[in-house]
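Asker: Take this structure, written in structure tokens, and hold onto it; I'll ask about it next.
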Amino acid sequence: MERAAIVGIGQTKAAGRFKEFNYPELVYPAVVAALEDAGITIDDIDNVITTSNDFWDGRTIASMATGDVSGCWDRNISCVEGDGAFGAFYGMCRCLSGHYGTTLVTAYSKGSESISAYITNAAFDPIYVRSLGLDMVSACALQARRYMDRHNISEEQCAVVSSKNHRNALGNPNAHLHLDLSVEDVMGSRMICDPLKLYDCSPVSDGAVAVVIANEDRARKIGGKPAWIKGVSFCMDNYLLGDRDLAEYSALEKAAKKAYAAAGISDPRKEIDVAEVYDAFSYQELMWTEGLGLCEQGGGGKLAESGATGKTGDIPVNPSGGLLASHPVIAAGLIRIAEAVRQIRGEAGDMQVDKDVRTALAHGVNGVAGQSHCVWILGKE
Amino acid sequence: MSNVWESVEPRVYESQIKVPYAWQAGETASRFLLTLKNEKKFLGKKCPKCAKVLMPPRKVCPYCFVETGDWVDVSDEGVIETFTVARRDTGIMPLKPPFVYAVIRLDGADTGLVHLLGEIEPGAVRAGMRVKAVFAEERTGKILDVEHFKPV
Amino acid sequence: MARRAAIVATGQTHHRSIRRDVNGQEIINEAVTRCLEDGELTIDDIDAVVIGNMDHFEGINYVDCWSVDGSGGFMKPTMKLTTGGTTGSTLAIAGYHMVASGAFDKVLVIGWEKNSESDTTGAINTAFDPIWDRPFFAGAIAGLAVTAQSYMDMYGATPKDAARVSVRDRRHACLNPHAHLRKEVTIEEVLASPMLADPVCLLDMCPRTDGACAVVYAAEGIAEKLCPQPAWVLGVASRHMYSYVSDADFSGGALFSMARASQELYRKVGIKEPLKEIDVIELYQPFSWAGLIWIEDMGLAKKGEGPRLVWDGVTDLGGALPINPSGGVISTNCIGATALIRSAEIALQIQGKAGDRQVPDVNLGVATGFGGCLWTDTLAYGKKKPE
Ligand SMILES: [Zn+2]
């Protein structure tokens, strides 16, 4: 495959509630920032991929609303429904299929405009499951319990993740929450769904993000500091919670394996310099670091405890603070990509990890309890 | 950013999507639900390829992508694979929190069923406990015809 | 490196107004199974799955995740796309790009809808901007009727002209075993059917259908081995231009997005005289009037002269440029599948597998999609692999 790179990133700050913008208006500043970051104008954008979700937005054909502000006028455009990391995959394909030199990819969420439990309950099977009233939090709690039982992961080990990511977020000007939380603070927070306590859970945020992807030719012309796409893959597990062993992460392993193969990575722990991982809940960072092969199966808790995933550790995870500090739902995966780009450029400010970042990983998730994973490997060269 | 809001309270336009749905269960789920209602029995379906007994039954095996074959009787007793205590009322729950959700592996099935636990203190629930279905008095052919599962 | 790509297999359900015997996952599975059988493929041959529908028609969030039992996406890259009525063509375009980019060799594309499970008009109404447009537009019919009225006013077309389109498509549908409505009608019957929104009558309008369609796109080098006659993608274009209905120019009823998407498609494919060069069109024509107006926007006739083309029989099966030999959207409308069926039908025409609805010697076919806020997608397929 030909090469493509991310040449521009733009983000709004995440917040609990943006009253001053409706949701298309929230996307616009992210697009403007991404174009400015790339040093180009909307005229340099050959085509557009928006990502949205009709349930979260409370309208069918949610993409209709953000067309205007994503530059849809007289330009080829499409819409991926789901996490922005998946939308960016399609955006990359459109740069490599010989039709377009650049793709603008946008993602946004105004979680404040709805009720998460209602929205995520609609993801459950209407015939067999939905009437039980499950939502994302209770379903993920079932997964957390299963995973923690299987590998003797303690609640403290999960709390280490939450404390680390919240403190990392103190250095992230775009983060929704800026909380200086200790492990004790997390442990002492209110129980929501055993074993998930308040600070084990990500908030629901408003926020938007945009990236510009370019094929090699255009990336070279645009210049700057392109973050090259070395490998990207995604994979879907089974649907019903009872069809999966919730302690396992086969889909993530498969996606990671393919992305690593494309990027020529054989020892991810050594070769990846920083990872932005989809930590919608603290336990998920532990699970996903295992699934990504950054430690052995069941070793996620020890890895976090050892400090290796801290900003100064040998495999920093979520120096941006991750989803635990900001979770605009559909945008979360694309934000991981934007943060990985910042690390590669060395422009992550207070979030910048303590080493030369040549290879960065970004991760997006669709569905309940990590049913579908998308893994990106970005590199300096 | 403009300071327009200094003198104006932003308008919030409140609404709700109200679309009635009528989900067709299809022949497979219908048979399962009607057996639950009429006979208080769980029916699984066996995959001819991987031999897994699917609970709840599906027309197509989610692992093998082939049509499932024989109907198989599955016990109304099983083991808790995992559970959680829901403590926050989300407004869409069938019970008042705190109550327990669990994934239950019924004897004779190879996949887990998500359902509710009852007749037990939430704090006393452990993975691996054996539980048994308690059927509702009035049954309508829905998954909540099983009121909950209780410890054996 | 960019590669050519082609449709190598298609499958459709037998579309019906209501399918009580299957749930959503199962109707999807029916189309997928037929598609794989058509291509003599197994699910193991498939590298990735893209699927789409309109969420609020079935009330299921994260359909890519929910549908995996039926789609065969288990442990495969699986993604959802949705853009309203254009969902099917959006999916087709995505399947094409994913193969052409080199990301996957074979992509399974699935569009579906079980319209019987909800109130379609109520759900469509939620598409429009909740503050500005939603209180005024009652579903899709009103918006379309406005364009028909404006076309009549400007060019003197009559409801009889539109009825002729409906008669054509409903006659074609009788030749298509998959079509939902298979009953011939006369012009008088169309004109006498209940008025929905002036000047659009019931028999001018598309139905609501339960159904699914699946298509496999494969890369050059593989496509030729998989099937004797791949339907090669020659070009794709889309124009989803508006966010607000009120921004559209309704004067004369013209569909600006169709004009722009057609022009781009013709430029990409090298089509100079569309009426002469195109052998068959599957037009996403949600109501009969579109069969008059939009063919003008496609450049098949001058402004106001669409009705003459239709009356002359040019667009009938047996005419010089048959439109909707499948019976089109007026006969079958499982919304998320509708625009994908257009591509599937063109592929069947190119492959010579269209049965009683076959158009002889199809070298170049065009499929379109319509939806959202007066949006259009166009796709061209050919018998010969493009240069
Ligand atoms: Zn099986």
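Residue numbering restarts at 1 in every chain; chains get A, B, ... in the order shown in the structure tokens, and ligands count up from 1 in that same order.
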If we count only C-alpha atoms, what is near Asp204 (chain C) at a cut-off of 6 Å, once residues fewer than 3 positions away on the same chain are taken out, given as number ranges by chain?

Answerer: C: 166, 201, 287-288

Asker: Neighbours of Ala159 (chain A) within 10 Å (only C-alpha atoms; same-chain residues fewer than 3 positions away dropped), as an MDAnalysis selection string?

Answerer: chainID A and resid 154:156 162:165 181:188 196:197 199:200 282:283 301 304:305

Asker: Show me which bits of chain C are within 7 Å of chain A, counting only C-alpha atoms, as a PyMOL selection string.

Answerer: chain C and resi 1-3+54-56+59-62+65-66+68+73-78+80-84+90+97-98+100-103+123-124+126-127+237-243+372-373

Asker: In Å, with one decimal, what is the gap from CA of Thr378 (chain C) to CA of Thr102 (chain A)?

Answerer: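 These two atoms are separated by 20.8 Å.
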
Asker: In Å, with one decimal, what is the gap from CA of Ala332 (chain A) to CA of Gly364 (chain A)?

Answerer: 7.1 Å

Asker: Compute the set of protein, DNA and RNA residues whose minimum atom distance to ligand 1 is at most 6 Å, using only C-alpha atoms and all ligand atoms, and state it as a list in words.

Answerer: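 Sorted by chain and then by number, the residues are Cys47, Lys49, Cys50, Lys52, Cys61, Tyr63 and Cys64 of chain B.
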
Asker: Should the cut-off be 7 Å, what would the residue list for chain B against chain A look like, counting only C-alpha atoms, as a ChimeraX atom specification?

Answerer: /B:10,17,25,62,82-88,90,92-94,103,111-115,143

Asker: Please identify every residue of chain B that has at least one atom no more than 12 Å from any atom of chain C, counting only C-alpha atoms, and report them as number ranges by chain.

Answerer: B: 11-31, 54, 57-68
